[in-house]
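Notes for the one structure printed next.
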Amino acid sequence: MSNARLKLKNAHRIVIKVGTSTLAYPETKKLNLSRIDHLIRDIADLHNSGKEIIFVSSGAIAAGIGRMGLPAKPDTVPENQALAAIGQGVLMHIYEKFFAEYGKTMAQLLLTGNDTIDAHARENSRNSLMAILKMGVIPVINENDAVATDEIRIGDNDNLSALVATMIDADVLIILTDIDGVYNSNPKTNSQAKLIDEINEITPEIEALAGGAGTKLGTGGMFTKIQAAKKALAAGITTLIIQGSEIGALRRCLQGEKIGTIFPAHRE
């Protein structure tokens with residue numbers, strides 16, 4: 001067990017980000033309630049152990065697609081914003097139900113890019129988050145897709161999770177996704193691809209492994225997760241990318257088990 005992974009046992013303030021690929025069935029695009037239940041139970045149990053948890057969640061548009069019975073995601077921005085508005089309520093209702101079953105209170109926050117960049121708005125967002133945490137409540141955060149425009153939106157919840165982690169001085173950022181971590185080549189096309197256990201520096205070569213910007217992989221794929229890790233590392237926050245569908249993976253990685261890819265922060 002590496003020293004970086006051993007230190008995870010002492011992490012107190014943890015940002016957990018989950019993507020749509022983890023929350024929804026790939027075939028129907030509808031929410032996977034069993035997986036969500038296991039995830040919320042793990043988060044509630046971590047909270048019981050005394051840790052502060054901030055939960056950044058995608059999935060509003062997927063929930064809207066499911067509620068409206070659509071076969072696929074629409075192409076236009078207004079339609080997707082409408083689905084986000086519909087799905088946000090659906091998703092929060094599901095989270096509220098599962099959190100309540102495990103004795104937890106949650107609070108919803110919708111953020112835009114301005115809330116994390118503008119000094120005054122950032123301070124207000126931080127103060128709100130800190131007050132929620134002080135109350136022993138679990139914040140559930142998403143980008144405000146229903147009203148955000150290209151000029152003010154962050155663009156993906158990977159980068160949003162990193163901005164939130166830096167805003168509240170988190171100890172660890174954990175990104176849950178549909179792949180085991182960062183590989184030395186594309187595991188979907190290369191059966192010999194190997195998982196990289198630890199990345200100490202995000203070099204251009206590492207970014208190239210993630211597909212780079214402007215590719216299919218680079219839109220909500222591994223590239224945005226590497227971008228998020230880079231932001232978090234710059235603020236001295238250790239980051240992990242792990243498989244979100246594996247039951248108990250969240251708890252096990254925080255116990256120091258060798259799961260996914262870790263980006264250790266280099267600070268005293």
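Ligands are numbered from 1 in the order shown, residues from 1 within each chain, and chains are lettered A, B, ... in the order they appear in the structure tokens.
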
Practice item. Enumerate, as a ChimeraX atom specification, the complete set of residues in region 111-188 of chain A that a backbone-based DSSP assignment places in alpha helix (DSSP H). Key: /A:113-117,119-134,157-167

Filtering to C-alpha atoms, could you give me those residues as a short mmCIF file (atom, residue, chain, number, x, y, z; two decimals), in the first residue's frame?
```cif
data_model
loop_
_atom_site.label_atom_id
_atom_site.label_comp_id
_atom_site.auth_asym_id
_atom_site.auth_seq_id
_atom_site.Cartn_x
_atom_site.Cartn_y
_atom_site.Cartn_z
CA GLY A 113 -19.47 29.08 -13.45
CA ASN A 114 -20.00 32.56 -12.02
CA ASP A 115 -20.63 31.07 -8.56
CA THR A 116 -17.13 29.54 -8.52
CA ILE A 117 -15.17 32.31 -10.29
CA ALA A 119 -15.01 36.54 -5.87
CA HIS A 120 -18.23 37.71 -4.20
CA ALA A 121 -20.36 34.84 -5.53
CA ARG A 122 -17.63 32.32 -4.67
CA GLU A 123 -17.47 33.57 -1.08
CA ASN A 124 -21.26 33.34 -0.78
CA SER A 125 -21.22 29.79 -2.19
CA ARG A 126 -18.44 28.79 0.21
CA ASN A 127 -20.23 30.29 3.22
CA SER A 128 -23.42 28.45 2.30
CA LEU A 129 -21.59 25.15 1.90
CA MET A 130 -19.71 25.56 5.18
CA ALA A 131 -22.95 26.33 7.04
CA ILE A 132 -24.59 23.20 5.55
CA LEU A 133 -21.63 21.05 6.60
CA LYS A 134 -21.67 22.56 10.10
CA ASN A 157 -19.51 18.13 -13.41
CA ASP A 158 -15.94 16.76 -13.31
CA ASN A 159 -14.53 20.27 -13.40
CA LEU A 160 -17.34 21.51 -11.16
CA SER A 161 -16.34 18.95 -8.51
CA ALA A 162 -12.73 20.16 -8.62
CA LEU A 163 -13.82 23.81 -8.30
CA VAL A 164 -16.04 22.90 -5.33
CA ALA A 165 -13.18 20.93 -3.73
CA THR A 166 -10.85 23.93 -3.98
CA MET A 167 -13.56 26.30 -2.75
#
```

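Every protein or nucleic acid residue with an atom no more than 8 Å from Lys194 (chain A), counting only C-alpha atoms and leaving out same-chain residues fewer than 2 positions away, appears here: Tyr183, Asn184, Ser185, Pro187, Gln192 and Ile196 of chain A.
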
Save the residues we just selected, N, CA and C atoms, as a PDB file, in the first residue's frame?
```pdb
ATOM      1  N   TYR A 183      -5.808   4.383 -17.892  1.00  0.00           N
ATOM      2  CA  TYR A 183      -5.031   3.297 -18.501  1.00  0.00           C
ATOM      3  C   TYR A 183      -3.919   3.879 -19.377  1.00  0.00           C
ATOM      4  N   ASN A 184      -2.914   3.028 -19.646  1.00  0.00           N
ATOM      5  CA  ASN A 184      -1.800   3.484 -20.505  1.00  0.00           C
ATOM      6  C   ASN A 184      -2.174   3.479 -21.986  1.00  0.00           C
ATOM      7  N   SER A 185      -3.337   2.926 -22.319  1.00  0.00           N
ATOM      8  CA  SER A 185      -3.922   3.044 -23.659  1.00  0.00           C
ATOM      9  C   SER A 185      -5.408   2.731 -23.516  1.00  0.00           C
ATOM     10  N   PRO A 187      -8.533   0.903 -23.063  1.00  0.00           N
ATOM     11  CA  PRO A 187      -8.859  -0.499 -22.756  1.00  0.00           C
ATOM     12  C   PRO A 187     -10.003  -1.053 -23.607  1.00  0.00           C
ATOM     13  N   GLN A 192      -4.514  -5.320 -24.031  1.00  0.00           N
ATOM     14  CA  GLN A 192      -3.276  -5.327 -23.244  1.00  0.00           C
ATOM     15  C   GLN A 192      -3.104  -4.044 -22.422  1.00  0.00           C
ATOM     16  N   ILE A 196      -3.091   2.447 -14.647  1.00  0.00           N
ATOM     17  CA  ILE A 196      -2.013   3.175 -13.966  1.00  0.00           C
ATOM     18  C   ILE A 196      -2.463   3.412 -12.524  1.00  0.00           C
TER      19      ILE A 196
END
```

Practice item. Write out as a PyMOL selection string the residues lying within 9 Å of Asn200 (chain A), counting only C-alpha atoms and excluding same-chain residues fewer than 6 positions away. Key: chain A and resi 262-266

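As for CA of Ala44 (chain A) and CA of Tyr95 (chain A), they are spaced 11.4 Å apart.
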
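Each of A:Ile61, A:Ala100, A:Met68, A:Ala232 was checked against Glu143 (chain A) using only C-alpha atoms; the smallest atom-to-atom distance is that of A:Ile61.
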
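Pairwise distance (CA of Leu70 (chain A), CA of Ala24 (chain A)) equals 14.1 Å.
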
Exercise for review: Find the spatial neighbours of region 236-248 of chain A, counting only C-alpha atoms, within a cut-off of 6 Å - ignore same-chain residues fewer than 5 positions away - and output them as a VMD selection string.
Suggested key: chain A and resid 22 171 to 181 229 260 to 265

Pull N, CA and C atoms from the residues just selected and write them as a PDB file, in the first residue's frame.
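This is the output file result12.pdb:
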```pdb
ATOM      1  N   THR A  22     -22.561   6.250 -14.469  1.00  0.00           N
ATOM      2  CA  THR A  22     -22.665   5.409 -13.275  1.00  0.00           C
ATOM      3  C   THR A  22     -24.105   5.337 -12.788  1.00  0.00           C
ATOM      4  N   ASP A 171     -10.061  17.605   1.514  1.00  0.00           N
ATOM      5  CA  ASP A 171      -8.875  16.757   1.639  1.00  0.00           C
ATOM      6  C   ASP A 171      -8.706  15.855   0.420  1.00  0.00           C
ATOM      7  N   VAL A 172      -9.840  15.373  -0.103  1.00  0.00           N
ATOM      8  CA  VAL A 172      -9.807  14.406  -1.201  1.00  0.00           C
ATOM      9  C   VAL A 172     -10.962  14.670  -2.162  1.00  0.00           C
ATOM     10  N   LEU A 173     -10.694  14.480  -3.452  1.00  0.00           N
ATOM     11  CA  LEU A 173     -11.730  14.479  -4.488  1.00  0.00           C
ATOM     12  C   LEU A 173     -11.775  13.080  -5.091  1.00  0.00           C
ATOM     13  N   ILE A 174     -12.953  12.465  -5.070  1.00  0.00           N
ATOM     14  CA  ILE A 174     -13.119  11.125  -5.654  1.00  0.00           C
ATOM     15  C   ILE A 174     -14.102  11.218  -6.809  1.00  0.00           C
ATOM     16  N   ILE A 175     -13.651  10.837  -8.009  1.00  0.00           N
ATOM     17  CA  ILE A 175     -14.500  10.867  -9.204  1.00  0.00           C
ATOM     18  C   ILE A 175     -14.902   9.439  -9.553  1.00  0.00           C
ATOM     19  N   LEU A 176     -16.200   9.166  -9.473  1.00  0.00           N
ATOM     20  CA  LEU A 176     -16.742   7.846  -9.804  1.00  0.00           C
ATOM     21  C   LEU A 176     -17.153   7.837 -11.267  1.00  0.00           C
ATOM     22  N   THR A 177     -16.683   6.829 -12.002  1.00  0.00           N
ATOM     23  CA  THR A 177     -16.964   6.780 -13.435  1.00  0.00           C
ATOM     24  C   THR A 177     -17.226   5.342 -13.872  1.00  0.00           C
ATOM     25  N   ASP A 178     -17.333   5.123 -15.193  1.00  0.00           N
ATOM     26  CA  ASP A 178     -17.664   3.792 -15.705  1.00  0.00           C
ATOM     27  C   ASP A 178     -16.422   3.018 -16.141  1.00  0.00           C
ATOM     28  N   ILE A 179     -15.247   3.489 -15.734  1.00  0.00           N
ATOM     29  CA  ILE A 179     -13.999   2.802 -16.063  1.00  0.00           C
ATOM     30  C   ILE A 179     -13.152   2.722 -14.793  1.00  0.00           C
ATOM     31  N   ASP A 180     -12.251   1.755 -14.726  1.00  0.00           N
ATOM     32  CA  ASP A 180     -11.510   1.481 -13.489  1.00  0.00           C
ATOM     33  C   ASP A 180     -10.541   2.585 -13.084  1.00  0.00           C
ATOM     34  N   GLY A 181     -10.158   3.448 -14.011  1.00  0.00           N
ATOM     35  CA  GLY A 181      -9.179   4.498 -13.735  1.00  0.00           C
ATOM     36  C   GLY A 181      -8.510   4.903 -15.035  1.00  0.00           C
ATOM     37  N   ALA A 229      -8.616  16.629 -12.050  1.00  0.00           N
ATOM     38  CA  ALA A 229      -7.505  16.230 -11.177  1.00  0.00           C
ATOM     39  C   ALA A 229      -6.412  17.293 -11.168  1.00  0.00           C
ATOM     40  N   GLY A 260      -8.542   1.874  -8.535  1.00  0.00           N
ATOM     41  CA  GLY A 260      -8.512   3.012  -9.442  1.00  0.00           C
ATOM     42  C   GLY A 260      -7.148   3.665  -9.549  1.00  0.00           C
ATOM     43  N   THR A 261      -7.150   4.923  -9.947  1.00  0.00           N
ATOM     44  CA  THR A 261      -5.921   5.706 -10.118  1.00  0.00           C
ATOM     45  C   THR A 261      -5.920   6.838  -9.102  1.00  0.00           C
ATOM     46  N   ILE A 262      -4.807   6.993  -8.399  1.00  0.00           N
ATOM     47  CA  ILE A 262      -4.675   8.068  -7.419  1.00  0.00           C
ATOM     48  C   ILE A 262      -3.695   9.121  -7.926  1.00  0.00           C
ATOM     49  N   PHE A 263      -4.040  10.375  -7.715  1.00  0.00           N
ATOM     50  CA  PHE A 263      -3.179  11.515  -8.027  1.00  0.00           C
ATOM     51  C   PHE A 263      -2.811  12.155  -6.686  1.00  0.00           C
ATOM     52  N   PRO A 264      -1.682  11.791  -6.086  1.00  0.00           N
ATOM     53  CA  PRO A 264      -1.361  12.303  -4.750  1.00  0.00           C
ATOM     54  C   PRO A 264      -0.989  13.788  -4.793  1.00  0.00           C
ATOM     55  N   ALA A 265      -1.519  14.531  -3.819  1.00  0.00           N
ATOM     56  CA  ALA A 265      -1.155  15.942  -3.695  1.00  0.00           C
ATOM     57  C   ALA A 265       0.183  16.040  -2.992  1.00  0.00           C
TER      58      ALA A 265
END
```

Exercise for review: Please provide as number ranges by chain all residues within 10 Å of Tyr102 (chain A), with the sequence filter that same-chain residues fewer than 2 positions apart are discarded (counting only C-alpha atoms).
Suggested key: A: 37, 40-45, 48, 97-100, 104-105

Residues from last step as file, all heavy atoms, as a CSV table (one decimal), in the first residue's frame:
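Wrote it out as out-v2.csv, contents follow:
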```
chain,number,residue,atom,x,y,z
A,37,ASP,N,-29.0,3.4,-4.8
A,37,ASP,CA,-29.2,3.0,-3.4
A,37,ASP,C,-27.9,2.6,-2.7
A,37,ASP,O,-27.6,3.0,-1.6
A,37,ASP,CB,-30.2,1.8,-3.4
A,37,ASP,CG,-30.6,1.4,-2.0
A,37,ASP,OD1,-30.3,2.2,-1.0
A,37,ASP,OD2,-31.2,0.3,-1.8
A,40,ILE,N,-25.7,5.8,-2.2
A,40,ILE,CA,-26.1,6.6,-1.1
A,40,ILE,C,-25.9,5.9,0.3
A,40,ILE,O,-25.5,6.6,1.3
A,40,ILE,CB,-27.6,7.0,-1.2
A,40,ILE,CG1,-27.8,7.7,-2.5
A,40,ILE,CG2,-28.1,7.8,-0.1
A,40,ILE,CD1,-27.1,9.0,-2.7
A,41,ARG,N,-26.0,4.6,0.3
A,41,ARG,CA,-25.8,3.9,1.6
A,41,ARG,C,-24.3,4.1,2.0
A,41,ARG,O,-24.0,4.3,3.2
A,41,ARG,CB,-26.2,2.4,1.4
A,41,ARG,CG,-26.0,1.7,2.7
A,41,ARG,CD,-26.5,0.2,2.6
A,41,ARG,NE,-25.7,-0.5,1.6
A,41,ARG,CZ,-26.0,-1.8,1.3
A,41,ARG,NH1,-27.1,-2.4,1.8
A,41,ARG,NH2,-25.2,-2.4,0.4
A,42,ASP,N,-23.4,3.9,1.0
A,42,ASP,CA,-22.0,4.1,1.3
A,42,ASP,C,-21.7,5.5,1.8
A,42,ASP,O,-20.9,5.7,2.7
A,42,ASP,CB,-21.1,3.7,0.1
A,42,ASP,CG,-20.9,2.2,-0.1
A,42,ASP,OD1,-21.3,1.5,0.8
A,42,ASP,OD2,-20.4,1.8,-1.2
A,43,ILE,N,-22.3,6.5,1.1
A,43,ILE,CA,-22.0,7.9,1.5
A,43,ILE,C,-22.6,8.1,2.9
A,43,ILE,O,-21.9,8.8,3.8
A,43,ILE,CB,-22.7,8.8,0.5
A,43,ILE,CG1,-21.9,8.8,-0.8
A,43,ILE,CG2,-22.8,10.3,1.0
A,43,ILE,CD1,-22.6,9.6,-1.9
A,44,ALA,N,-23.8,7.6,3.2
A,44,ALA,CA,-24.3,7.8,4.6
A,44,ALA,C,-23.5,7.1,5.6
A,44,ALA,O,-23.3,7.6,6.7
A,44,ALA,CB,-25.8,7.2,4.6
A,45,ASP,N,-22.9,5.9,5.3
A,45,ASP,CA,-22.0,5.2,6.2
A,45,ASP,C,-20.7,6.0,6.5
A,45,ASP,O,-20.3,6.1,7.6
A,45,ASP,CB,-21.7,3.8,5.7
A,45,ASP,CG,-21.2,2.9,6.8
A,45,ASP,OD1,-21.7,2.9,7.9
A,45,ASP,OD2,-20.2,2.2,6.6
A,48,ASN,N,-21.6,8.7,8.8
A,48,ASN,CA,-21.7,8.2,10.1
A,48,ASN,C,-20.4,8.0,10.8
A,48,ASN,O,-20.3,8.1,12.1
A,48,ASN,CB,-22.4,6.8,10.1
A,48,ASN,CG,-23.9,6.9,9.9
A,48,ASN,OD1,-24.5,8.0,10.1
A,48,ASN,ND2,-24.5,5.8,9.6
A,97,LYS,N,-35.2,10.5,-0.8
A,97,LYS,CA,-35.8,9.3,-0.3
A,97,LYS,C,-34.7,8.3,0.2
A,97,LYS,O,-34.8,7.8,1.3
A,97,LYS,CB,-36.5,8.6,-1.5
A,97,LYS,CG,-37.2,7.3,-1.1
A,97,LYS,CD,-37.9,6.7,-2.3
A,97,LYS,CE,-38.4,5.3,-2.0
A,97,LYS,NZ,-39.2,5.1,-0.9
A,98,PHE,N,-33.6,8.1,-0.6
A,98,PHE,CA,-32.6,7.2,-0.1
A,98,PHE,C,-31.8,7.7,1.1
A,98,PHE,O,-31.5,7.0,2.0
A,98,PHE,CB,-31.6,6.8,-1.3
A,98,PHE,CG,-32.2,5.8,-2.2
A,98,PHE,CD1,-32.2,6.1,-3.6
A,98,PHE,CD2,-32.7,4.7,-1.8
A,98,PHE,CE1,-32.7,5.2,-4.5
A,98,PHE,CE2,-33.3,3.7,-2.7
A,98,PHE,CZ,-33.2,4.0,-4.1
A,99,PHE,N,-31.5,9.0,1.1
A,99,PHE,CA,-30.7,9.6,2.2
A,99,PHE,C,-31.6,9.5,3.5
A,99,PHE,O,-31.1,9.2,4.5
A,99,PHE,CB,-30.4,11.1,1.9
A,99,PHE,CG,-29.1,11.2,1.2
A,99,PHE,CD1,-29.0,11.9,0.0
A,99,PHE,CD2,-27.9,10.8,1.8
A,99,PHE,CE1,-27.8,12.1,-0.7
A,99,PHE,CE2,-26.7,10.9,1.1
A,99,PHE,CZ,-26.6,11.6,-0.1
A,100,ALA,N,-32.9,9.8,3.4
A,100,ALA,CA,-33.8,9.7,4.5
A,100,ALA,C,-33.9,8.3,5.1
A,100,ALA,O,-33.9,8.1,6.3
A,100,ALA,CB,-35.2,10.2,4.1
A,104,LYS,N,-30.3,10.4,6.9
A,104,LYS,CA,-29.5,11.6,6.6
A,104,LYS,C,-30.3,12.7,6.0
A,104,LYS,O,-31.3,12.4,5.3
A,104,LYS,CB,-28.4,11.2,5.6
A,104,LYS,CG,-27.3,10.2,6.2
A,104,LYS,CD,-26.6,10.8,7.4
A,104,LYS,CE,-25.7,9.8,8.0
A,104,LYS,NZ,-25.2,10.3,9.3
A,105,THR,N,-29.9,13.9,6.2
A,105,THR,CA,-30.6,15.1,5.6
A,105,THR,C,-29.7,15.6,4.5
A,105,THR,O,-28.4,15.7,4.7
A,105,THR,CB,-30.8,16.2,6.7
A,105,THR,OG1,-31.6,15.7,7.7
A,105,THR,CG2,-31.5,17.4,6.0
```

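Among the candidate residues A:Leu91, A:Ile65, A:Leu8, A:Ala210, the one lying nearest to Glu79 (chain A) is A:Ile65, with distances computed using only C-alpha atoms.
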
Find the nearest atom pair between each residue of region 9-85 of chain A and region 250-255 of chain A for residues within 10 Å, count only C-alpha atoms, give distances in Å to one decimal, sort rows by chain and ascending number, and present the table as a tab-separated table.
```
residue	atom	partner	partner_atom	distance
A:Lys9	CA	A:Gln255	CA	5.2
A:Asn10	CA	A:Leu254	CA	8.5
A:Ala11	CA	A:Leu254	CA	7.8
A:Ile14	CA	A:Leu254	CA	9.8
A:Ile16	CA	A:Leu250	CA	9.0
A:Leu39	CA	A:Leu250	CA	8.2
A:Asp42	CA	A:Arg251	CA	6.7
A:Ile43	CA	A:Leu250	CA	8.2
A:Asp45	CA	A:Arg251	CA	8.6
A:Leu46	CA	A:Arg251	CA	7.3
```

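Counting only C-alpha atoms and comparing A:Met135, A:Ile36, A:Ala72, A:Ala82, the residue that lies closest to Ala60 (chain A) is A:Ala82.
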
Review point. Any idea what the distance is between CA of Val90 (chain A) and CA of Ala63 (chain A)?
Key: 6.4 Å

Review point. How would you write, as a PyMOL selection string, the set of residues in region 174-245 of chain A that DSSP gives as strand (DSSP E or B)?
Key: chain A and resi 174-177+183+195+198+238-243
